[in-house]
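Novice: Next up, query.cif (mmCIF, C-alpha atoms).
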data_coords
#
loop_
_atom_site.label_atom_id
_atom_site.label_comp_id
_atom_site.auth_asym_id
_atom_site.auth_seq_id
_atom_site.Cartn_x
_atom_site.Cartn_y
_atom_site.Cartn_z
CA MET A 1 124.27 55.69 97.87
CA ASN A 2 124.55 54.39 94.33
CA GLY A 3 122.57 56.37 91.80
CA VAL A 4 122.74 59.20 89.31
CA ILE A 5 123.74 62.82 89.87
CA THR A 6 121.02 64.81 88.13
CA ARG A 7 121.88 68.29 89.36
CA TRP A 8 124.90 70.05 90.82
CA THR A 9 125.24 73.43 92.48
CA PHE A 10 128.29 75.66 92.74
CA SER A 11 127.96 78.39 95.37
CA VAL A 12 130.52 81.16 95.82
CA VAL A 13 130.25 84.76 97.08
CA PRO A 14 131.99 86.89 96.04
CA ILE A 15 133.16 85.37 92.79
CA PRO A 16 136.90 85.55 92.10
CA PRO A 17 137.98 88.13 89.47
CA GLY A 18 137.71 87.19 85.79
CA VAL A 19 135.40 84.98 83.76
CA LEU A 20 135.14 81.72 85.66
CA SER A 21 133.91 78.34 84.43
CA GLN A 22 133.68 75.10 86.36
CA ALA A 23 133.13 71.45 85.47
CA LEU A 24 132.00 68.80 87.93
CA LYS A 25 134.40 65.85 88.20
CA ILE A 26 133.68 62.53 89.92
CA PHE A 27 136.57 60.41 91.16
CA ARG A 28 136.73 56.85 92.48
CA SER A 29 139.55 55.31 94.49
CA THR A 30 141.53 52.66 92.61
CA GLY A 31 142.74 51.12 95.85
CA GLY A 32 146.26 52.36 95.23
CA PRO A 33 147.84 55.00 97.48
CA SER A 34 146.66 58.51 96.54
CA GLN A 35 145.37 57.23 93.20
CA VAL A 36 141.89 57.84 91.74
CA GLN A 37 140.05 57.25 88.49
CA VAL A 38 137.88 59.82 86.74
CA VAL A 39 134.48 58.08 86.44
CA GLY A 40 132.28 61.02 85.49
CA GLU A 41 132.32 64.66 84.47
CA SER A 42 129.97 67.41 83.37
CA ALA A 43 130.41 69.95 80.62
CA PRO A 44 132.13 73.19 81.72
CA ALA A 45 129.62 75.85 82.78
CA PRO A 46 130.00 79.61 83.35
CA ILE A 47 129.85 80.64 86.99
CA ALA A 48 128.33 83.83 88.37
CA SER A 49 128.44 85.15 91.91
CA GLY A 50 125.93 83.34 94.11
CA VAL A 51 124.23 79.99 93.62
CA ASN A 52 124.74 78.30 90.23
CA THR A 53 122.72 75.18 89.48
CA PHE A 54 123.20 72.90 86.46
CA SER A 55 121.54 69.74 85.18
CA THR A 56 123.68 66.72 84.44
CA ARG A 57 123.60 62.93 84.34
CA ILE A 58 126.48 61.07 85.98
CA SER A 59 126.25 57.59 87.50
CA VAL A 60 127.93 57.31 90.90
CA HIS A 61 128.65 54.74 93.58
CA ALA A 62 128.72 55.14 97.32
CA GLY A 63 132.16 56.45 98.33
CA ASP A 64 132.86 58.35 95.10
CA LEU A 65 134.59 61.71 95.49
CA ILE A 66 133.33 65.06 94.24
CA GLY A 67 135.73 67.45 92.56
CA THR A 68 135.87 70.34 90.14
CA PHE A 69 138.04 71.72 87.37
CA GLY A 70 137.80 75.43 86.67
CA THR A 71 139.35 77.97 84.37
CA THR A 72 139.80 81.71 84.10
CA PRO A 73 141.15 83.33 80.92
CA GLY A 74 144.45 81.64 80.20
CA GLU A 75 144.85 79.45 83.26
CA PRO A 76 143.13 76.81 85.38
CA ILE A 77 141.66 77.72 88.75
CA THR A 78 140.23 75.75 91.65
CA VAL A 79 138.02 77.36 94.27
CA PHE A 80 138.01 76.15 97.88
CA CYS A 81 136.05 77.24 100.92
CA GLU A 82 137.55 77.31 104.40
CA THR A 83 135.74 75.45 107.20
CA THR A 84 136.46 74.69 110.85
CA ASP A 85 135.96 70.93 110.54
CA PRO A 86 139.18 68.87 110.40
CA GLY A 87 137.14 66.15 108.69
CA ASP A 88 136.70 68.37 105.64
CA ARG A 89 139.59 67.45 103.38
CA VAL A 90 140.56 68.21 99.80
CA ALA A 91 143.27 66.91 97.49
CA ALA A 92 144.84 68.47 94.41
CA ILE A 93 145.41 66.72 91.08
CA PRO A 94 147.63 68.29 88.41
CA GLY A 95 145.91 69.30 85.17
CA ASN A 96 142.54 68.07 84.01
CA PRO A 97 142.64 64.26 83.73
CA PRO A 98 140.14 63.01 81.12
CA LEU A 99 137.27 60.64 81.71
CA ASN A 100 138.28 57.04 82.58
CA SER A 101 141.91 58.03 83.20
CA THR A 102 143.73 57.59 86.51
CA ALA A 103 145.53 60.31 88.38
CA ALA A 104 147.54 60.73 91.56
CA THR A 105 146.87 63.38 94.18
CA THR A 106 149.84 65.59 94.95
CA GLU A 107 148.63 67.81 97.79
CA GLU A 108 146.11 67.43 100.56
CA GLY A 109 144.62 69.91 102.99
CA SER A 110 142.14 69.88 105.87
CA GLU A 111 139.39 72.30 106.94
CA LEU A 112 138.68 72.92 103.25
CA GLN A 113 135.75 72.09 100.94
CA VAL A 114 134.88 72.56 97.30
CA PRO A 115 131.72 74.73 97.14
CA ILE A 116 129.67 72.05 95.41
CA THR A 117 126.54 70.11 96.34
CA VAL A 118 124.96 67.41 94.20
CA SER A 119 121.52 65.80 93.94
CA VAL A 120 121.67 62.02 93.67
CA GLU A 121 118.63 60.04 92.56
CA PRO A 122 118.17 56.26 92.69
CA ASP A 123 118.56 54.25 89.48
CA ALA A 124 116.62 51.04 90.02
CA ASP A 125 117.04 49.73 86.47
CA ASN A 126 120.70 50.81 86.14
CA ASP A 127 120.10 52.65 82.87
CA GLY A 128 122.08 55.74 83.90
CA PHE A 129 119.00 57.96 84.28
CA GLY A 130 117.73 59.30 87.61
CA ASP A 131 114.47 57.65 88.58
CA GLU A 132 112.83 60.80 89.96
CA THR A 133 113.34 63.41 87.23
CA GLN A 134 114.94 61.69 84.23
CA ASP A 135 113.32 58.27 83.90
CA ALA A 136 109.55 57.89 83.54
CA CYS A 137 109.88 54.10 83.58
CA PRO A 138 112.37 53.18 86.33
CA GLN A 139 111.27 49.54 86.16
CA SER A 140 112.81 48.99 82.71
CA ALA A 141 116.18 49.95 81.24
CA THR A 142 114.80 49.76 77.70
CA THR A 143 112.97 53.09 77.85
CA GLN A 144 112.97 56.37 79.75
CA ALA A 145 109.52 57.36 78.50
CA ALA A 146 106.36 56.23 80.28
CA CYS A 147 106.29 52.46 80.75
CA PRO A 148 104.50 50.93 77.75
CA PRO A 149 101.21 49.15 78.44
CA VAL A 150 100.79 45.49 77.56
CA THR A 151 98.66 44.86 74.47
CA LEU A 152 97.48 41.27 74.21
CA SER A 153 96.15 39.27 71.28
CA SER A 154 94.83 35.76 71.70
CA THR A 155 93.23 32.89 69.80
CA LYS A 156 91.86 29.51 70.87
CA GLN A 157 92.15 25.90 69.80
CA VAL A 158 89.45 23.57 71.17
CA ARG A 159 90.55 19.98 71.67
CA LYS A 160 88.87 16.90 73.09
CA GLY A 161 89.94 17.44 76.68
CA SER A 162 91.30 20.97 76.70
CA VAL A 163 91.36 24.42 75.19
CA VAL A 164 94.71 25.85 74.05
CA ILE A 165 94.98 29.64 74.21
CA VAL A 166 97.68 31.19 72.02
CA VAL A 167 98.80 34.64 73.21
CA THR A 168 101.00 37.36 71.74
CA SER A 169 102.11 40.46 73.64
CA SER A 170 103.35 43.89 72.54
CA THR A 171 105.98 43.94 75.31
CA GLU A 172 107.71 41.30 77.38
CA ALA A 173 105.29 40.50 80.19
CA PRO A 174 104.13 37.74 82.50
CA VAL A 175 100.80 36.46 81.17
CA THR A 176 98.26 34.40 83.11
CA VAL A 177 95.38 32.42 81.57
CA THR A 178 92.41 31.09 83.55
CA GLY A 179 88.96 29.81 82.64
CA VAL A 180 85.56 29.41 84.31
CA ALA A 181 82.56 27.42 83.06
CA LYS A 182 79.15 27.50 84.74
CA LEU A 183 77.79 23.99 85.13
CA GLY A 184 74.36 24.89 86.49
CA LYS A 185 72.81 24.88 89.99
CA GLY A 186 75.52 27.29 91.17
CA LYS A 187 78.37 24.95 90.27
CA LYS A 188 81.46 26.04 88.34
CA ALA A 189 84.49 24.42 86.76
CA LYS A 190 87.65 26.50 87.23
CA LEU A 191 90.58 25.90 84.90
CA ASN A 192 94.13 27.19 85.28
CA GLY A 193 96.49 27.60 82.32
CA GLY A 194 99.31 28.97 84.46
CA THR A 195 101.61 31.96 84.03
CA LYS A 196 104.38 32.38 81.44
CA THR A 197 106.53 35.26 80.24
CA VAL A 198 105.55 36.16 76.68
CA VAL A 199 108.11 38.00 74.55
CA PRO A 200 107.17 40.08 71.47
CA GLY A 201 107.50 38.05 68.29
CA THR A 202 106.79 34.74 70.03
CA LEU A 203 103.64 32.72 70.74
CA GLY A 204 102.73 31.86 74.29
CA LYS A 205 100.67 28.67 74.49
CA PHE A 206 98.50 28.02 77.54
CA THR A 207 96.54 24.80 78.00
CA LEU A 208 93.28 24.81 79.96
CA LYS A 209 92.73 21.12 80.74
CA PHE A 210 89.12 20.17 81.37
CA SER A 211 88.39 19.13 84.92
CA SER A 212 86.51 15.91 85.63
CA LYS A 213 83.40 17.94 86.50
CA LEU A 214 83.50 19.75 83.15
CA LYS A 215 84.05 16.54 81.22
CA LYS A 216 81.12 14.91 82.98
CA LYS A 217 78.85 17.85 82.26
CA LEU A 218 79.78 17.90 78.56
CA LYS A 219 79.03 14.18 78.26
CA GLU A 220 75.58 14.84 79.72
CA LEU A 221 74.77 17.50 77.09
CA SER A 222 73.42 16.73 73.65
CA PRO A 223 75.39 18.02 70.63
CA LYS A 224 72.73 20.71 70.19
CA LYS A 225 73.61 22.32 73.52
CA LYS A 226 76.70 24.25 74.55
CA LEU A 227 78.55 25.42 77.66
CA THR A 228 80.33 28.77 77.75
CA LEU A 229 83.91 28.76 78.97
CA LYS A 230 84.93 32.28 79.99
CA VAL A 231 88.69 32.63 79.46
CA THR A 232 90.60 35.48 81.10
CA VAL A 233 93.99 36.44 79.69
CA SER A 234 95.90 38.99 81.76
CA GLY A 235 99.34 40.53 81.31
CA THR A 236 101.25 42.78 83.69
CA SER A 237 103.49 45.62 82.49
CA VAL A 238 106.81 46.48 84.12
CA ALA A 239 104.98 49.30 85.92
CA GLY A 240 102.49 46.85 87.41
CA ALA A 241 99.54 47.85 85.19
CA VAL A 242 97.36 44.86 84.31
CA THR A 243 95.80 44.40 80.87
CA THR A 244 92.94 41.89 80.63
CA LYS A 245 91.36 40.23 77.61
CA ILE A 246 88.25 38.04 77.80
CA LEU A 247 87.36 35.24 75.40
CA LYS A 248 84.13 33.26 75.46
CA VAL A 249 84.56 29.76 74.11
CA LYS A 250 81.48 27.71 73.30
CA LEU A 251 81.89 24.04 74.15
CA LYS A 252 79.47 21.65 72.43
CA GLY A 253 77.78 18.88 74.32
CA ARG A 254 79.47 15.54 73.87
CA GLY A 255 76.64 13.10 74.10
CA GLN A 256 76.38 10.33 71.53
CA GLY A 257 77.28 11.57 68.04
CA SER A 258 78.73 14.89 69.21
CA SER A 259 81.90 16.58 67.98
CA PRO A 260 84.70 17.78 70.32
CA ARG A 261 84.95 21.15 68.58
CA GLY A 262 83.76 24.53 69.84
CA ASP A 263 83.60 28.13 68.72
CA THR A 264 84.37 31.59 70.06
CA LYS A 265 82.19 34.63 70.19
#
Using structure tokens, write down the structure that the file contains.
Specialist:
Amino acid sequence: MNGVITRWTFSVVPIPPGVLSQALKIFRSTGGPSQVQVVGESAPAPIASGVNTFSTRISVHAGDLIGTFGTTPGEPITVFCETTDPGDRVAAIPGNPPLNSTAATTEEGSELQVPITVSVEPDADNDGFGDETQDACPQSATTQAACPPVTLSSTKQVRKGSVVIVVTSSTEAPVTVTGVAKLGKGKKAKLNGGTKTVVPGTLGKFTLKFSSKLKKKLKELSPKKKLTLKVTVSGTSVAGAVTTKILKVKLKGRGQGSSPRGDTK
């Protein structure tokens, strides 16, 4: 699977003589015969007899190869374990090729393994951090902390046949604006301003066009009376959390001599 190695374990009993350190190396086939590229590596770590577990962060693809580079005082060392499975194969590479370099394998052997296991976590946002233990917001590559909530701010502009809602958002988010006005006798006028993605630093404008029922009702009201339009502004964070803001817009009656303006409480 594609993902991120977040932990690797080196197990050996008994440990070979001398002070031993090991570094995890990740190789990827270049497509050429016996040729690989170094696509990831950990820092060298001291190894003791038994199970040694280390944290790391290395992005990997399905089919990548796991290797190791080790040293004892004065010389490199590689540790293998014998198995009885012909499908267990290892290859040797001279020296310690650096990250992003290519190298050719010179020796191969079967019924051998390197004593390493790795933990691979998914990386849904491809930010190079494991989604389970390293990334608290796997839905966004812009942060590894908890996904930020959406904070909305909105204002209104009342026009003759509509209300324009202007929205700002603290984070990039899809924002939806709707409106409901009670017309009396259980009747309602429902308005839909649609959904748009609002980016920080920009103004999202949503138009709630008056329905024919709402226009008719306003024309029946004297200028001294008002209808309340309840506007709901909702934004959804990358984590799926919904933030809602309610505005109440007062719409004046539009009988003879009335003005098309309204106010907000």
Novice: Taking into account all atoms listed in the file, which residue in the set A:Ser55, A:Gln37, A:Ser11, A:Gln139 is nearest to A:Val79?
Specialist: A:Ser11
Novice: As an exercise, work out the distance from atom CA of A:Phe206 to atom CA of A:Lys190 in Å and give it to one decimal place.
Specialist: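 Atom-to-atom, atom CA of A:Phe206 to atom CA of A:Lys190, that is 14.6 Å.
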Novice: Please provide the set of residues having any atom within 7 Å of stretch 243-258 of chain A, restricted to all atoms listed in the file, with same-chain residues fewer than 3 positions apart removed, written as a VMD selection string.
Specialist: chain A and resid 150 218 to 236 261 to 265
Novice: Keeping only C-alpha atoms, write those residues as a CSV table (one decimal), keeping the file's coordinate frame.
Specialist:
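In the end it all went to part.csv:
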chain,number,residue,atom,x,y,z
A,150,VAL,CA,100.8,45.5,77.6
A,218,LEU,CA,79.8,17.9,78.6
A,219,LYS,CA,79.0,14.2,78.3
A,220,GLU,CA,75.6,14.8,79.7
A,221,LEU,CA,74.8,17.5,77.1
A,222,SER,CA,73.4,16.7,73.6
A,223,PRO,CA,75.4,18.0,70.6
A,224,LYS,CA,72.7,20.7,70.2
A,225,LYS,CA,73.6,22.3,73.5
A,226,LYS,CA,76.7,24.2,74.6
A,227,LEU,CA,78.6,25.4,77.7
A,228,THR,CA,80.3,28.8,77.8
A,229,LEU,CA,83.9,28.8,79.0
A,230,LYS,CA,84.9,32.3,80.0
A,231,VAL,CA,88.7,32.6,79.5
A,232,THR,CA,90.6,35.5,81.1
A,233,VAL,CA,94.0,36.4,79.7
A,234,SER,CA,95.9,39.0,81.8
A,235,GLY,CA,99.3,40.5,81.3
A,236,THR,CA,101.2,42.8,83.7
A,261,ARG,CA,85.0,21.2,68.6
A,262,GLY,CA,83.8,24.5,69.8
A,263,ASP,CA,83.6,28.1,68.7
A,264,THR,CA,84.4,31.6,70.1
A,265,LYS,CA,82.2,34.6,70.2
Novice: Please write as a PyMOL selection string the full residue list that the PyMOL selection byres ((chain A and resi 162) around 8) yields on this file.
Specialist: chain A and resi 158-161+163-164+207-210
Novice: Hey, can you pull every residue with an atom no more than 12 Å from (105.7, 39.5, 71.6), using only C-alpha atoms, and send it as a PDB file with C-alpha atoms, in the coordinates of the input?
Specialist:
ATOM      1  CA  VAL A 150     100.790  45.490  77.560  1.00  0.00           C
ATOM      2  CA  THR A 151      98.660  44.860  74.470  1.00  0.00           C
ATOM      3  CA  LEU A 152      97.480  41.270  74.210  1.00  0.00           C
ATOM      4  CA  SER A 153      96.150  39.270  71.280  1.00  0.00           C
ATOM      5  CA  SER A 154      94.830  35.760  71.700  1.00  0.00           C
ATOM      6  CA  VAL A 166      97.680  31.190  72.020  1.00  0.00           C
ATOM      7  CA  VAL A 167      98.800  34.640  73.210  1.00  0.00           C
ATOM      8  CA  THR A 168     101.000  37.360  71.740  1.00  0.00           C
ATOM      9  CA  SER A 169     102.110  40.460  73.640  1.00  0.00           C
ATOM     10  CA  SER A 170     103.350  43.890  72.540  1.00  0.00           C
ATOM     11  CA  THR A 171     105.980  43.940  75.310  1.00  0.00           C
ATOM     12  CA  GLU A 172     107.710  41.300  77.380  1.00  0.00           C
ATOM     13  CA  ALA A 173     105.290  40.500  80.190  1.00  0.00           C
ATOM     14  CA  PRO A 174     104.130  37.740  82.500  1.00  0.00           C
ATOM     15  CA  VAL A 175     100.800  36.460  81.170  1.00  0.00           C
ATOM     16  CA  THR A 197     106.530  35.260  80.240  1.00  0.00           C
ATOM     17  CA  VAL A 198     105.550  36.160  76.680  1.00  0.00           C
ATOM     18  CA  VAL A 199     108.110  38.000  74.550  1.00  0.00           C
ATOM     19  CA  PRO A 200     107.170  40.080  71.470  1.00  0.00           C
ATOM     20  CA  GLY A 201     107.500  38.050  68.290  1.00  0.00           C
ATOM     21  CA  THR A 202     106.790  34.740  70.030  1.00  0.00           C
ATOM     22  CA  LEU A 203     103.640  32.720  70.740  1.00  0.00           C
ATOM     23  CA  GLY A 204     102.730  31.860  74.290  1.00  0.00           C
ATOM     24  CA  GLY A 235      99.340  40.530  81.310  1.00  0.00           C
TER      25      GLY A 235
END
Novice: Would you work out the distance separating atom CA of A:Thr30 from atom CA of A:Thr102, expressed in Å to one decimal?
Specialist: 8.1 Å
Novice: Excluding A:Gly70 and residues on its chain fewer than 2 positions from it, collect all residues at most 10 Å away from it, counting only C-alpha atoms, and give them as a CSV table (one decimal) with C-alpha atoms, in the frame of the given file.
Specialist:
chain,number,residue,atom,x,y,z
A,20,LEU,CA,135.1,81.7,85.7
A,21,SER,CA,133.9,78.3,84.4
A,22,GLN,CA,133.7,75.1,86.4
A,23,ALA,CA,133.1,71.4,85.5
A,24,LEU,CA,132.0,68.8,87.9
A,44,PRO,CA,132.1,73.2,81.7
A,45,ALA,CA,129.6,75.8,82.8
A,46,PRO,CA,130.0,79.6,83.4
A,47,ILE,CA,129.8,80.6,87.0
A,68,THR,CA,135.9,70.3,90.1
A,72,THR,CA,139.8,81.7,84.1
A,75,GLU,CA,144.8,79.4,83.3
A,76,PRO,CA,143.1,76.8,85.4
A,77,ILE,CA,141.7,77.7,88.8
A,78,THR,CA,140.2,75.8,91.6
A,79,VAL,CA,138.0,77.4,94.3
A,96,ASN,CA,142.5,68.1,84.0
Novice: Taking all atoms listed in the file into account, name the residue in A:Ala124, A:Pro138, A:Ser211, A:Ala92 that is nearest to A:Glu108.
Specialist: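 Looking only at the distances to A:Glu108, the closest residue turns out to be A:Ala92.
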Novice: Report, in Å to a single decimal, how far apart atom CA of A:Ser59 and atom CA of A:Thr133 are.
Specialist: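 If I compute the distance from atom CA of A:Thr133 to atom CA of A:Ser59, I get 14.2 Å.
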